[in-house]
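File shown: entry-v9.cif (mmCIF, C-alpha atoms).
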```cif
data_start
loop_
_atom_site.label_atom_id
_atom_site.label_comp_id
_atom_site.auth_asym_id
_atom_site.auth_seq_id
_atom_site.Cartn_x
_atom_site.Cartn_y
_atom_site.Cartn_z
CA MET A 7 -19.61 -3.60 -23.01
CA ASP A 8 -21.99 -5.99 -21.37
CA PHE A 9 -24.35 -3.69 -19.46
CA GLU A 10 -26.61 -6.55 -18.45
CA LEU A 11 -23.78 -8.21 -16.58
CA MET A 12 -22.99 -4.94 -14.85
CA ILE A 13 -26.60 -4.59 -13.67
CA VAL A 14 -26.85 -8.25 -12.61
CA SER A 15 -23.57 -8.23 -10.70
CA PHE A 16 -24.21 -4.94 -8.91
CA PRO A 17 -26.45 -6.34 -6.10
CA LYS A 18 -24.07 -9.28 -5.61
CA LEU A 19 -21.12 -6.93 -5.27
CA LEU A 20 -23.08 -4.60 -3.00
CA ASN A 21 -23.84 -7.55 -0.75
CA ALA A 22 -20.15 -8.40 -0.59
CA THR A 23 -19.39 -4.78 0.29
CA LEU A 24 -21.03 -5.48 3.64
CA ILE A 25 -18.28 -7.98 4.47
CA THR A 26 -15.63 -5.50 3.33
CA LEU A 27 -17.11 -2.86 5.62
CA LYS A 28 -17.32 -5.29 8.54
CA LEU A 29 -13.68 -6.25 8.07
CA LEU A 30 -12.69 -2.60 7.77
CA SER A 31 -14.52 -1.39 10.86
CA ALA A 32 -13.39 -4.30 13.04
CA SER A 33 -9.75 -3.94 12.04
CA LEU A 34 -9.79 -0.17 12.46
CA PHE A 35 -11.38 -0.54 15.89
CA PHE A 36 -8.77 -2.99 17.18
CA GLY A 37 -6.00 -1.29 15.19
CA LEU A 38 -6.67 2.03 16.89
CA PHE A 39 -6.16 0.50 20.32
CA ILE A 40 -3.01 -1.31 19.22
CA GLY A 41 -1.75 1.88 17.58
CA LEU A 42 -2.39 3.99 20.66
CA LEU A 43 -0.74 1.42 22.92
CA PHE A 44 2.38 1.20 20.77
CA ALA A 45 2.55 4.98 20.27
CA ILE A 46 2.61 5.36 24.07
CA LEU A 47 5.32 2.68 24.27
CA ARG A 48 7.28 4.48 21.54
CA ILE A 49 7.49 7.72 23.54
CA ASN A 50 8.47 5.82 26.68
CA LYS A 51 11.95 6.75 27.88
CA ASN A 52 12.97 3.17 28.68
CA PRO A 53 15.13 2.10 25.68
CA ILE A 54 14.03 -1.55 25.82
CA ILE A 55 10.34 -0.64 25.70
CA ASN A 56 10.64 1.87 22.88
CA LYS A 57 12.98 -0.38 20.87
CA PHE A 58 10.37 -3.13 21.18
CA ALA A 59 7.62 -0.80 19.94
CA TYR A 60 9.87 0.39 17.11
CA GLY A 61 10.63 -3.21 16.13
CA TYR A 62 6.93 -4.01 16.00
CA SER A 63 6.13 -1.14 13.67
CA TYR A 64 9.26 -1.79 11.57
CA VAL A 65 8.38 -5.43 10.96
CA PHE A 66 4.73 -4.80 10.16
CA ARG A 67 5.45 -1.84 7.90
CA GLY A 68 8.38 -3.53 6.17
CA THR A 69 6.59 -6.71 5.09
CA PRO A 70 3.62 -7.12 2.74
CA LEU A 71 0.18 -7.51 4.31
CA LEU A 72 -0.25 -10.72 2.30
CA VAL A 73 2.65 -12.36 4.17
CA GLN A 74 1.15 -11.31 7.49
CA ILE A 75 -2.24 -12.83 6.67
CA PHE A 76 -0.64 -16.06 5.43
CA ILE A 77 1.51 -16.40 8.56
CA ILE A 78 -1.54 -15.98 10.79
CA TYR A 79 -3.99 -18.05 8.75
CA PHE A 80 -1.79 -20.88 7.43
CA GLY A 81 1.15 -20.64 9.82
CA LEU A 82 -0.33 -20.46 13.30
CA GLY A 83 -2.55 -23.48 12.73
CA GLN A 84 0.59 -25.53 12.51
CA ILE A 85 1.50 -25.04 16.18
CA GLU A 86 0.04 -28.06 17.99
CA TYR A 87 -0.15 -26.24 21.30
CA LEU A 88 -2.34 -23.47 19.88
CA ARG A 89 -4.82 -25.99 18.57
CA SER A 90 -5.56 -27.18 22.08
CA THR A 91 -6.19 -23.72 23.54
CA VAL A 92 -9.28 -21.52 23.47
CA LEU A 93 -7.52 -19.29 20.93
CA TRP A 94 -8.11 -21.96 18.28
CA VAL A 95 -11.81 -21.09 18.19
CA ILE A 96 -10.76 -17.70 16.78
CA LEU A 97 -7.75 -18.77 14.75
CA LYS A 98 -9.51 -21.45 12.74
CA GLU A 99 -11.86 -18.85 11.27
CA PRO A 100 -10.45 -17.06 8.21
CA TYR A 101 -12.65 -14.09 9.11
CA TRP A 102 -10.93 -13.53 12.46
CA CYS A 103 -7.48 -14.31 11.07
CA ALA A 104 -7.96 -11.58 8.49
CA ILE A 105 -9.11 -9.13 11.15
CA ILE A 106 -6.13 -9.97 13.39
CA ALA A 107 -3.70 -9.45 10.51
CA PHE A 108 -5.37 -6.20 9.41
CA ALA A 109 -5.55 -4.87 12.97
CA LEU A 110 -1.87 -5.61 13.63
CA ASN A 111 -0.93 -4.04 10.31
CA THR A 112 -2.98 -0.88 10.66
CA GLY A 113 -1.91 -0.73 14.32
CA ALA A 114 1.71 -0.42 13.23
CA TYR A 115 0.96 2.46 10.85
CA THR A 116 -1.37 4.13 13.35
CA SER A 117 1.30 3.98 16.05
CA GLU A 118 3.68 5.89 13.76
CA ILE A 119 1.02 8.48 12.97
CA LEU A 120 0.14 8.99 16.64
CA ARG A 121 3.79 9.01 17.73
CA SER A 122 4.67 11.84 15.38
CA ALA A 123 1.54 13.67 16.55
CA PHE A 124 2.58 13.27 20.20
CA GLN A 125 6.06 14.52 19.42
CA THR A 126 4.87 17.62 17.62
CA ILE A 127 2.67 18.83 20.50
CA LYS A 128 4.11 22.16 21.63
CA ALA A 129 5.91 21.90 24.96
CA GLY A 130 4.05 25.05 26.02
CA TYR A 131 0.73 23.17 26.25
CA ILE A 132 2.15 20.63 28.65
CA GLU A 133 3.98 23.29 30.65
CA ALA A 134 0.80 25.33 30.89
CA GLY A 135 -0.98 22.28 32.26
CA LYS A 136 1.80 21.68 34.76
CA SER A 137 1.84 25.24 35.97
CA LEU A 138 -1.92 25.03 36.55
CA GLY A 139 -1.19 22.14 38.87
CA ILE A 140 -2.86 19.47 36.71
CA SER A 141 -1.51 15.98 37.37
CA SER A 142 0.54 14.46 34.56
CA LYS A 143 -2.03 11.69 34.11
CA ILE A 144 -4.80 14.18 33.40
CA ILE A 145 -2.46 16.23 31.20
CA PHE A 146 -1.93 13.10 29.15
CA TYR A 147 -5.62 12.18 28.83
CA LYS A 148 -7.11 15.65 28.59
CA ILE A 149 -4.43 17.60 26.74
CA GLN A 150 -2.00 15.36 24.89
CA ILE A 151 -4.41 12.74 23.54
CA PRO A 152 -7.05 15.17 22.17
CA ILE A 153 -4.39 17.33 20.49
CA ALA A 154 -2.63 14.26 19.08
CA ILE A 155 -5.91 12.96 17.65
CA ARG A 156 -6.60 16.28 15.94
CA GLN A 157 -3.04 16.47 14.59
CA SER A 158 -3.15 12.98 13.17
CA LEU A 159 -6.57 13.20 11.48
CA PRO A 160 -5.32 13.84 7.90
CA ALA A 161 -2.72 11.05 8.07
CA TYR A 162 -5.20 8.73 9.73
CA GLY A 163 -7.70 9.41 6.96
CA ASN A 164 -5.14 8.14 4.47
CA GLU A 165 -4.57 5.11 6.63
CA ILE A 166 -8.31 4.30 6.63
CA ILE A 167 -8.31 4.42 2.83
CA LEU A 168 -5.19 2.22 2.67
CA MET A 169 -6.88 -0.22 5.03
CA LEU A 170 -10.04 -0.25 2.91
CA LYS A 171 -7.87 -1.33 0.00
CA GLY A 172 -6.03 -3.76 2.28
CA THR A 173 -9.25 -5.61 3.13
CA SER A 174 -9.26 -6.86 -0.46
CA LEU A 175 -6.57 -9.34 0.62
CA ALA A 176 -9.19 -11.16 2.68
CA SER A 177 -10.20 -12.75 -0.61
CA THR A 178 -6.91 -14.70 -0.59
CA VAL A 179 -8.00 -16.58 2.53
CA THR A 180 -11.34 -17.72 1.08
CA LEU A 181 -13.43 -14.79 2.33
CA MET A 182 -15.96 -13.48 -0.17
CA ASP A 183 -15.50 -9.76 0.25
CA LEU A 184 -16.01 -7.21 -2.55
CA THR A 185 -12.78 -8.20 -4.32
CA GLY A 186 -13.43 -11.90 -3.72
CA VAL A 187 -16.86 -11.77 -5.34
CA ALA A 188 -15.53 -9.57 -8.15
CA LYS A 189 -12.83 -12.15 -8.88
CA TYR A 190 -15.40 -14.94 -8.81
CA ILE A 191 -17.63 -13.13 -11.32
CA ILE A 192 -14.64 -12.29 -13.54
CA SER A 193 -13.39 -15.86 -13.56
CA THR A 194 -16.83 -17.28 -14.43
CA THR A 195 -17.84 -14.73 -17.08
CA PHE A 196 -14.43 -13.60 -18.39
CA LYS A 197 -15.67 -10.01 -18.54
CA PRO A 198 -13.00 -8.30 -16.42
CA ILE A 199 -13.61 -4.73 -17.56
CA GLU A 200 -17.32 -4.62 -16.74
CA VAL A 201 -16.82 -6.14 -13.28
CA PHE A 202 -13.84 -3.89 -12.62
CA ILE A 203 -15.92 -0.80 -13.39
CA VAL A 204 -18.69 -1.82 -10.98
CA ALA A 205 -16.47 -3.09 -8.14
CA GLY A 206 -13.96 -0.27 -8.61
CA GLY A 207 -16.82 2.21 -8.59
CA ILE A 208 -18.05 0.89 -5.24
CA TYR A 209 -14.52 1.15 -3.79
CA LEU A 210 -14.13 4.68 -5.15
CA PHE A 211 -17.45 5.69 -3.66
CA MET A 212 -16.34 4.43 -0.24
CA THR A 213 -12.98 6.23 -0.58
CA PHE A 214 -14.87 9.38 -1.49
CA LEU A 215 -17.09 9.09 1.61
CA ILE A 216 -14.14 8.46 3.93
CA HIS A 217 -12.21 11.35 2.41
CA ASN A 218 -15.11 13.74 2.99
CA LEU A 219 -15.81 12.46 6.48
CA ILE A 220 -12.22 13.14 7.49
CA LYS A 221 -12.33 16.59 5.88
CA PHE A 222 -15.49 17.34 7.86
CA LEU A 223 -13.92 16.16 11.12
CA GLU A 224 -10.78 18.19 10.42
CA LYS A 225 -12.88 21.32 10.00
CA LYS A 226 -14.95 20.58 13.05
CA TYR A 227 -11.98 20.06 15.33
CA SER A 228 -9.65 22.70 13.86
CA PHE A 229 -8.10 25.09 16.33
CA ASN A 230 -9.12 28.19 14.47
CA ASN A 231 -12.82 28.32 15.30
CA MET B 2 18.70 -25.15 8.19
CA GLU B 3 18.75 -28.25 6.01
CA ILE B 4 15.46 -27.20 4.52
CA LEU B 5 17.12 -24.04 3.19
CA ALA B 6 20.06 -25.88 1.61
CA PHE B 7 20.96 -25.07 -1.98
CA GLY B 8 20.49 -27.83 -4.52
CA LYS B 9 17.93 -30.60 -4.68
CA THR B 10 17.64 -31.24 -0.94
CA GLY B 11 16.49 -27.78 0.12
CA TRP B 12 14.62 -24.68 -0.92
CA GLY B 13 17.58 -22.28 -0.67
CA ASP B 14 18.28 -21.79 -4.36
CA GLU B 15 14.57 -21.61 -5.27
CA LEU B 16 13.99 -18.90 -2.69
CA PHE B 17 17.12 -17.07 -3.81
CA TYR B 18 15.93 -16.95 -7.42
CA ALA B 19 12.45 -15.98 -6.21
CA THR B 20 13.99 -13.03 -4.36
CA LEU B 21 15.76 -11.97 -7.54
CA MET B 22 12.43 -12.26 -9.35
CA THR B 23 10.75 -10.01 -6.77
CA LEU B 24 13.52 -7.45 -7.25
CA ALA B 25 13.27 -7.69 -11.05
CA VAL B 26 9.48 -7.18 -11.02
CA SER B 27 9.75 -4.30 -8.54
CA ILE B 28 12.40 -2.47 -10.55
CA THR B 29 10.55 -3.01 -13.85
CA ALA B 30 7.29 -1.85 -12.24
CA MET B 31 8.98 1.21 -10.77
CA LEU B 32 10.41 2.13 -14.21
CA ILE B 33 7.03 1.61 -15.90
CA GLY B 34 5.61 3.81 -13.14
CA PHE B 35 8.11 6.55 -13.99
CA VAL B 36 6.99 6.46 -17.61
CA PHE B 37 3.37 6.87 -16.51
CA ALA B 38 4.39 9.62 -14.09
CA LEU B 39 6.23 11.49 -16.86
CA ILE B 40 3.05 11.38 -18.94
CA PHE B 41 0.56 12.26 -16.21
CA THR B 42 2.48 14.81 -14.11
CA PRO B 43 2.42 17.42 -16.91
CA LEU B 44 -1.30 16.70 -17.37
CA LYS B 45 -1.98 17.34 -13.69
CA LEU B 46 0.03 20.57 -13.77
CA SER B 47 -1.38 21.77 -17.08
CA LYS B 48 -3.56 24.86 -17.27
CA SER B 49 -6.16 23.09 -19.39
CA LYS B 50 -9.11 21.85 -17.30
CA PHE B 51 -9.63 18.87 -19.58
CA LEU B 52 -6.05 17.63 -19.28
CA ASN B 53 -6.25 18.17 -15.52
CA LEU B 54 -9.32 15.96 -15.41
CA ILE B 55 -7.54 13.12 -17.23
CA GLY B 56 -4.57 13.34 -14.85
CA ASN B 57 -6.79 13.45 -11.78
CA CYS B 58 -8.89 10.51 -12.99
CA TYR B 59 -5.78 8.35 -13.30
CA THR B 60 -4.39 9.07 -9.84
CA THR B 61 -7.76 9.02 -8.08
CA VAL B 62 -9.00 5.79 -9.62
CA ILE B 63 -5.76 3.87 -9.20
CA ARG B 64 -5.14 5.06 -5.66
CA GLY B 65 -8.75 4.46 -4.63
CA VAL B 66 -9.14 0.90 -5.94
CA PRO B 67 -7.44 -2.11 -4.29
CA GLU B 68 -4.23 -3.30 -5.94
CA LEU B 69 -5.58 -6.83 -6.12
CA LEU B 70 -8.55 -5.70 -8.23
CA VAL B 71 -6.20 -3.96 -10.68
CA ILE B 72 -4.09 -7.11 -10.89
CA TYR B 73 -7.17 -9.24 -11.61
CA LEU B 74 -8.19 -6.77 -14.34
CA PHE B 75 -4.82 -7.21 -16.04
CA PHE B 76 -4.56 -10.92 -15.38
CA PHE B 77 -7.97 -11.74 -16.84
CA GLY B 78 -8.25 -8.84 -19.26
CA GLY B 79 -4.66 -8.48 -20.47
CA SER B 80 -4.53 -11.07 -23.21
CA GLY B 81 -8.07 -10.21 -24.31
CA ALA B 82 -7.08 -6.59 -24.83
CA ILE B 83 -3.89 -7.51 -26.69
CA MET B 84 -5.78 -9.96 -28.89
CA TYR B 85 -8.38 -7.29 -29.68
CA VAL B 86 -5.65 -4.89 -30.78
CA ALA B 87 -3.97 -7.69 -32.77
CA SER B 88 -7.27 -8.54 -34.49
CA ILE B 89 -7.43 -4.98 -35.83
CA PHE B 90 -4.12 -5.69 -37.54
CA GLY B 91 -5.44 -8.99 -38.87
CA TYR B 92 -3.88 -11.42 -36.38
CA TYR B 93 -6.37 -13.88 -34.93
CA GLU B 94 -4.25 -16.48 -33.11
CA TYR B 95 -4.43 -16.84 -29.34
CA ILE B 96 -1.88 -14.64 -27.59
CA GLU B 97 -0.85 -15.38 -24.05
CA ILE B 98 1.13 -12.72 -22.24
CA ASN B 99 3.76 -13.71 -19.83
CA ALA B 100 2.98 -13.40 -16.10
CA PHE B 101 6.03 -11.20 -15.59
CA ILE B 102 4.86 -8.60 -18.10
CA THR B 103 1.26 -8.61 -16.83
CA GLY B 104 2.43 -8.31 -13.23
CA ALA B 105 5.04 -5.63 -13.85
CA PHE B 106 2.55 -3.64 -15.89
CA ALA B 107 -0.23 -3.87 -13.28
CA ILE B 108 2.08 -2.91 -10.42
CA GLY B 109 3.72 -0.29 -12.66
CA ILE B 110 0.42 1.49 -13.26
CA ILE B 111 -0.23 1.55 -9.50
CA SER B 112 3.29 2.72 -8.74
CA GLY B 113 2.95 5.36 -11.47
CA ALA B 114 -0.06 6.93 -9.76
CA TYR B 115 1.93 7.38 -6.56
CA SER B 116 4.99 8.66 -8.46
CA THR B 117 2.81 11.17 -10.30
CA GLU B 118 1.65 12.62 -6.99
CA VAL B 119 5.24 12.78 -5.74
CA PHE B 120 6.54 14.55 -8.87
CA ARG B 121 3.61 16.96 -8.87
CA GLY B 122 4.30 17.87 -5.26
CA ALA B 123 8.02 18.26 -5.94
CA ILE B 124 7.53 20.55 -8.95
CA GLN B 125 4.97 22.65 -7.10
CA SER B 126 7.38 23.18 -4.21
CA ILE B 127 10.09 24.58 -6.48
CA ASP B 128 10.28 28.34 -5.94
CA LYS B 129 8.25 30.34 -8.49
CA GLY B 130 11.20 32.71 -8.85
CA GLN B 131 13.22 29.96 -10.49
CA PHE B 132 10.76 29.71 -13.38
CA GLU B 133 10.64 33.48 -13.72
CA ALA B 134 14.43 33.78 -13.57
CA SER B 135 14.96 31.25 -16.33
CA LYS B 136 12.29 33.00 -18.41
CA VAL B 137 14.04 36.33 -17.93
CA LEU B 138 17.34 34.74 -18.94
CA GLY B 139 15.67 33.63 -22.15
CA ILE B 140 16.14 29.91 -21.50
CA LYS B 141 14.00 27.75 -23.76
CA LYS B 142 11.12 25.79 -22.23
CA HIS B 143 12.60 22.31 -22.66
CA ILE B 144 16.07 23.36 -21.49
CA GLN B 145 14.46 25.01 -18.48
CA PHE B 146 12.85 21.66 -17.69
CA TYR B 147 16.03 19.58 -18.07
CA LYS B 148 18.50 21.97 -16.47
CA VAL B 149 16.47 23.86 -13.88
CA VAL B 150 13.29 22.03 -12.92
CA PHE B 151 14.30 18.39 -13.29
CA PRO B 152 17.44 18.36 -11.05
CA GLN B 153 15.61 20.19 -8.28
CA MET B 154 12.54 18.01 -8.67
CA LEU B 155 14.74 14.94 -8.25
CA ARG B 156 16.20 16.20 -5.01
CA LEU B 157 12.79 17.06 -3.57
CA ALA B 158 11.22 13.84 -4.81
CA ILE B 159 13.74 11.28 -3.56
CA PRO B 160 12.51 10.98 0.05
CA ASN B 161 8.92 10.43 -1.13
CA LEU B 162 9.99 8.18 -3.98
CA SER B 163 11.57 5.91 -1.41
CA ASN B 164 8.08 5.45 0.04
CA VAL B 165 6.75 4.66 -3.42
CA TRP B 166 9.54 2.09 -3.83
CA GLN B 167 8.56 0.43 -0.53
CA ILE B 168 4.90 0.31 -1.58
CA THR B 169 5.85 -1.10 -4.98
CA LEU B 170 8.14 -3.72 -3.48
CA LYS B 171 5.41 -4.89 -1.11
CA ASP B 172 2.74 -4.80 -3.82
CA THR B 173 4.69 -7.29 -5.92
CA SER B 174 3.72 -9.95 -3.37
CA LEU B 175 0.19 -9.69 -4.81
CA ILE B 176 1.38 -10.84 -8.24
CA SER B 177 1.76 -14.29 -6.70
CA VAL B 178 -1.98 -14.77 -7.37
CA THR B 179 -1.20 -14.81 -11.09
CA GLY B 180 1.35 -17.58 -10.69
CA LEU B 181 4.58 -15.65 -11.20
CA VAL B 182 7.19 -17.38 -9.04
CA GLU B 183 8.40 -14.59 -6.77
CA ILE B 184 8.99 -14.78 -3.00
CA MET B 185 5.34 -15.28 -2.03
CA ARG B 186 4.58 -17.84 -4.72
CA GLN B 187 7.76 -19.81 -4.00
CA SER B 188 6.96 -19.81 -0.27
CA TYR B 189 3.46 -21.00 -1.08
CA ILE B 190 4.86 -23.88 -3.15
CA ALA B 191 7.44 -24.76 -0.50
CA ALA B 192 4.87 -24.52 2.31
CA GLY B 193 2.54 -26.80 0.38
CA SER B 194 5.06 -29.51 -0.31
CA THR B 195 6.76 -29.51 3.12
CA ARG B 196 3.61 -28.78 5.15
CA ASP B 197 5.52 -26.16 7.04
CA PRO B 198 3.77 -22.87 6.21
CA LEU B 199 4.80 -21.13 9.44
CA PHE B 200 8.50 -21.47 8.64
CA PHE B 201 8.29 -20.54 4.97
CA TYR B 202 5.97 -17.55 5.35
CA SER B 203 8.07 -16.26 8.25
CA PHE B 204 11.15 -16.70 6.08
CA ALA B 205 9.39 -14.78 3.28
CA ALA B 206 8.71 -11.99 5.77
CA ILE B 207 12.41 -11.91 6.66
CA LEU B 208 13.37 -11.76 2.97
CA TYR B 209 11.05 -8.76 2.46
CA LEU B 210 12.50 -7.10 5.57
CA ILE B 211 16.03 -7.56 4.23
CA LEU B 212 14.98 -6.09 0.87
CA THR B 213 13.31 -3.06 2.44
CA PHE B 214 16.20 -2.54 4.86
CA LEU B 215 18.89 -2.69 2.16
CA SER B 216 16.97 -0.49 -0.26
CA MET B 217 16.43 2.12 2.47
CA LYS B 218 20.20 2.22 3.09
CA LEU B 219 20.83 2.71 -0.61
CA ILE B 220 18.20 5.43 -0.98
CA ASN B 221 19.59 7.31 2.02
CA LYS B 222 22.93 7.44 0.24
CA LEU B 223 21.26 8.79 -2.90
CA GLU B 224 19.44 11.36 -0.82
CA ILE B 225 22.73 12.63 0.61
CA LYS B 226 24.28 12.68 -2.85
CA TYR B 227 21.50 14.76 -4.40
CA SER B 228 21.18 17.21 -1.53
CA ARG B 229 24.78 18.36 -1.77
CA GLY B 230 24.93 22.08 -1.22
CA TYR B 231 21.71 22.26 0.81
#
```
Written form, structure tokens:
Amino acid sequence: MDFELMIVSFPKLLNATLITLKLLSASLFFGLFIGLLFAILRINKNPIINKFAYGYSYVFRGTPLLVQIFIIYFGLGQIEYLRSTVLWVILKEPYWCAIIAFALNTGAYTSEILRSAFQTIKAGYIEAGKSLGISSKIIFYKIQIPIAIRQSLPAYGNEIILMLKGTSLASTVTLMDLTGVAKYIISTTFKPIEVFIVAGGIYLFMTFLIHNLIKFLEKKYSFNN
Amino acid sequence: MEILAFGKTGWGDELFYATLMTLAVSITAMLIGFVFALIFTPLKLSKSKFLNLIGNCYTTVIRGVPELLVIYLFFFGGSGAIMYVASIFGYYEYIEINAFITGAFAIGIISGAYSTEVFRGAIQSIDKGQFEASKVLGIKKHIQFYKVVFPQMLRLAIPNLSNVWQITLKDTSLISVTGLVEIMRQSYIAAGSTRDPLFFYSFAAILYLILTFLSMKLINKLEIKYSRGY
């Protein structure tokens, strides 16, 4: 055990954690919108629209995240047309490519979580709203969405943790996130166990925080009190 | 389509073998995972606090740390650990472990943590009365496990194990960082030499979709088979 290395690498890894957290929060933010949009499309009665939404979530959940990042980072740059548009400013940055891939990926999982939450809302709630003369738009925003969010909290908490682990793939497109820096230190010192303990410890600490935050929110928004 | 031709002119046969490699690593990893699950599930269900702690440590650590980090640990630390063990037995030559074994082992440990949780959940959802009934009938502990608990556990676990299989199959793409030529690595090589990453990575995505689609079909059949009578 090389404790000196562990102490020396800790601030470096902590610094890299900042990038991991930035990637995580940005992808969750965009992913939530994508997820909500596709969940609404999924419960649409038009077969073409809901098949499209199903196809989206099927493709993104059925392929590895690594493939998705590589298609966006290495693949899209190949299209000549894209290079001449404004989009290229975003797509040439590995940072934004990673966020796009993560957001699309977590969006697919989030849409499934929200869809099942929408479908398990008791019909009575919606009927009660209707009989009170509330318009269906307000029923959707004020009744269905809040209940769906509460219902999907536990599953969404798991998704946040999966996404936190997913951000480690940013290191494959040259970003120096927590895993990227850990790999760099391992490959220069050849002390994998020490670095794994420190970097893994930081990840576990973040998982622990997320887990407890979700537990707290679940309690706060439970129906019973 | 010429680019996907079999033989020397295209990448068809290379990608075909790479797909077989992905399947081979996934199945090996899944089986290694089952071995880990068979060790750690009893620990998690045991009445001893200490054994519980060991079981919980395994599942919490592995499920809370990125897969890539675990793979790097094995990739960089694997041969060191083996050589250390070998040196105890008086063997000091350099030992290099094959990328397949390292990869399957790393993914297997990850897959095992998920399988452990699935088996634990399945055993806990078996009716308490079943254990009591077999006790009353005087059935021995190990026969109770093989004849009463295990078949029911299998039925309850299959739907969730299919999720674990999907996760494992997708995780094998990460082994490409260690140089094992599976779908991702082969696509990377092909994309590099043809300068057509969009095509090859999209094709890799399609290959993964086919694998997940076919395995889901197969697992659904198994699920029907094991839920006969329910």
**Study point:** Interatomic distance, atom CA of Ile145 of chain A to atom CA of Lys225 of chain A (Å, one decimal)
**Key:**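 The value is 24.2 Å.
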**Study point:** Long-range neighbours of Thr61 of chain B as a list in words, 12 Å cut-off, all atoms listed in the file, 6 positions minimum in chain
**Key:**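 Here the answer would be Ile167, Gly206, Gly207, Tyr209, Leu210, Phe211, Thr213, Phe214 and His217 of chain A; Lys45, Asn53, Leu54, Ile55, Pro67, Ile111, Gly113, Ala114, Tyr115, Thr117 and Glu118 of chain B.
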Exercise for review: I need the residue set behind the PyMOL selection byres ((chain B) within 6 of (chain A)) for this file; please write it as a VMD selection string.
Suggested key: chain B and resid 65 to 67 74 78 171 198 to 199 202 206 209 to 210
Point to revise | For atom CA of Leu69 of chain B and atom CA of Ile190 of chain B, the interatomic separation in Å (one decimal) | key: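 Computing it gives 20.2 Å between the two atoms.
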Practice item. Report as number ranges by chain the residues that result from applying the PyMOL selection byres ((chain A and resi 41-49) around 7) to the structure here. Key: A: 37-40, 50-51, 55-56, 59-60, 113-114, 116-118, 120-121
Exercise for review: On this file, the PyMOL selection byres ((chain B and resi 79-93) around 12) gives some set of residues; write that set as a VMD selection string.
Suggested key: (chain A and resid 196 to 199) or (chain B and resid 71 to 78 94 to 100 102 to 104 106 to 107 179)
Review point. Between atom CA of Ala154 of chain A and atom CA of Lys128 of chain A, what is the distance, to one decimal in Å?
Key: 10.7 Å
Practice item. Write out as a ChimeraX atom specification the residues lying within 10 Å of Leu223 of chain B, counting only C-alpha atoms and excluding same-chain residues fewer than 5 positions away. Key: /B:156,159-160,217-218,228
Fewer than 2 positions away in the same chain doesn't count, so skip those; otherwise give me all residues within 9 Å of segment 25-31 of chain A, counting all atoms listed in the file, as an mmCIF file with C-alpha atoms, keeping the file's coordinate frame.
```
data_model
loop_
_atom_site.group_PDB
_atom_site.id
_atom_site.type_symbol
_atom_site.label_atom_id
_atom_site.label_comp_id
_atom_site.auth_asym_id
_atom_site.auth_seq_id
_atom_site.Cartn_x
_atom_site.Cartn_y
_atom_site.Cartn_z
ATOM 1 C CA ASN A 21 -23.840 -7.550 -0.750
ATOM 2 C CA ALA A 22 -20.150 -8.400 -0.590
ATOM 3 C CA THR A 23 -19.390 -4.780 0.290
ATOM 4 C CA SER A 33 -9.750 -3.940 12.040
ATOM 5 C CA LEU A 34 -9.790 -0.170 12.460
ATOM 6 C CA PHE A 35 -11.380 -0.540 15.890
ATOM 7 C CA PHE A 36 -8.770 -2.990 17.180
ATOM 8 C CA TYR A 101 -12.650 -14.090 9.110
ATOM 9 C CA TRP A 102 -10.930 -13.530 12.460
ATOM 10 C CA ALA A 104 -7.960 -11.580 8.490
ATOM 11 C CA ILE A 105 -9.110 -9.130 11.150
ATOM 12 C CA PHE A 108 -5.370 -6.200 9.410
ATOM 13 C CA ILE A 166 -8.310 4.300 6.630
ATOM 14 C CA MET A 169 -6.880 -0.220 5.030
ATOM 15 C CA LEU A 170 -10.040 -0.250 2.910
ATOM 16 C CA GLY A 172 -6.030 -3.760 2.280
ATOM 17 C CA THR A 173 -9.250 -5.610 3.130
ATOM 18 C CA SER A 174 -9.260 -6.860 -0.460
ATOM 19 C CA ALA A 176 -9.190 -11.160 2.680
ATOM 20 C CA LEU A 181 -13.430 -14.790 2.330
ATOM 21 C CA MET A 182 -15.960 -13.480 -0.170
ATOM 22 C CA ASP A 183 -15.500 -9.760 0.250
ATOM 23 C CA LEU A 184 -16.010 -7.210 -2.550
ATOM 24 C CA THR A 185 -12.780 -8.200 -4.320
#
```
Practice item. Using only C-alpha atoms, determine which residues lie at most 9 Å from Gln157 of chain A, disregarding the query and same-chain residues fewer than 2 positions distant; provide the list as a ChimeraX atom specification. Key: /A:120,123-124,126-127,152-155,159-161,224
**Study point:** Selected residue, from B:Glu183, B:Leu52, B:Phe146, B:Ile28, that lies nearest to Glu15 of chain B when counting only C-alpha atoms
**Key:**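 When distances to Glu15 of chain B are compared using only C-alpha atoms, the smallest one comes from B:Glu183.
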**Study point:** Residue among B:Thr23, B:Ser135, B:Thr42, B:Thr10 lying closest to Ile184 of chain B, counting all atoms listed in the file
**Key:**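 The closest residue to Ile184 of chain B is B:Thr23.
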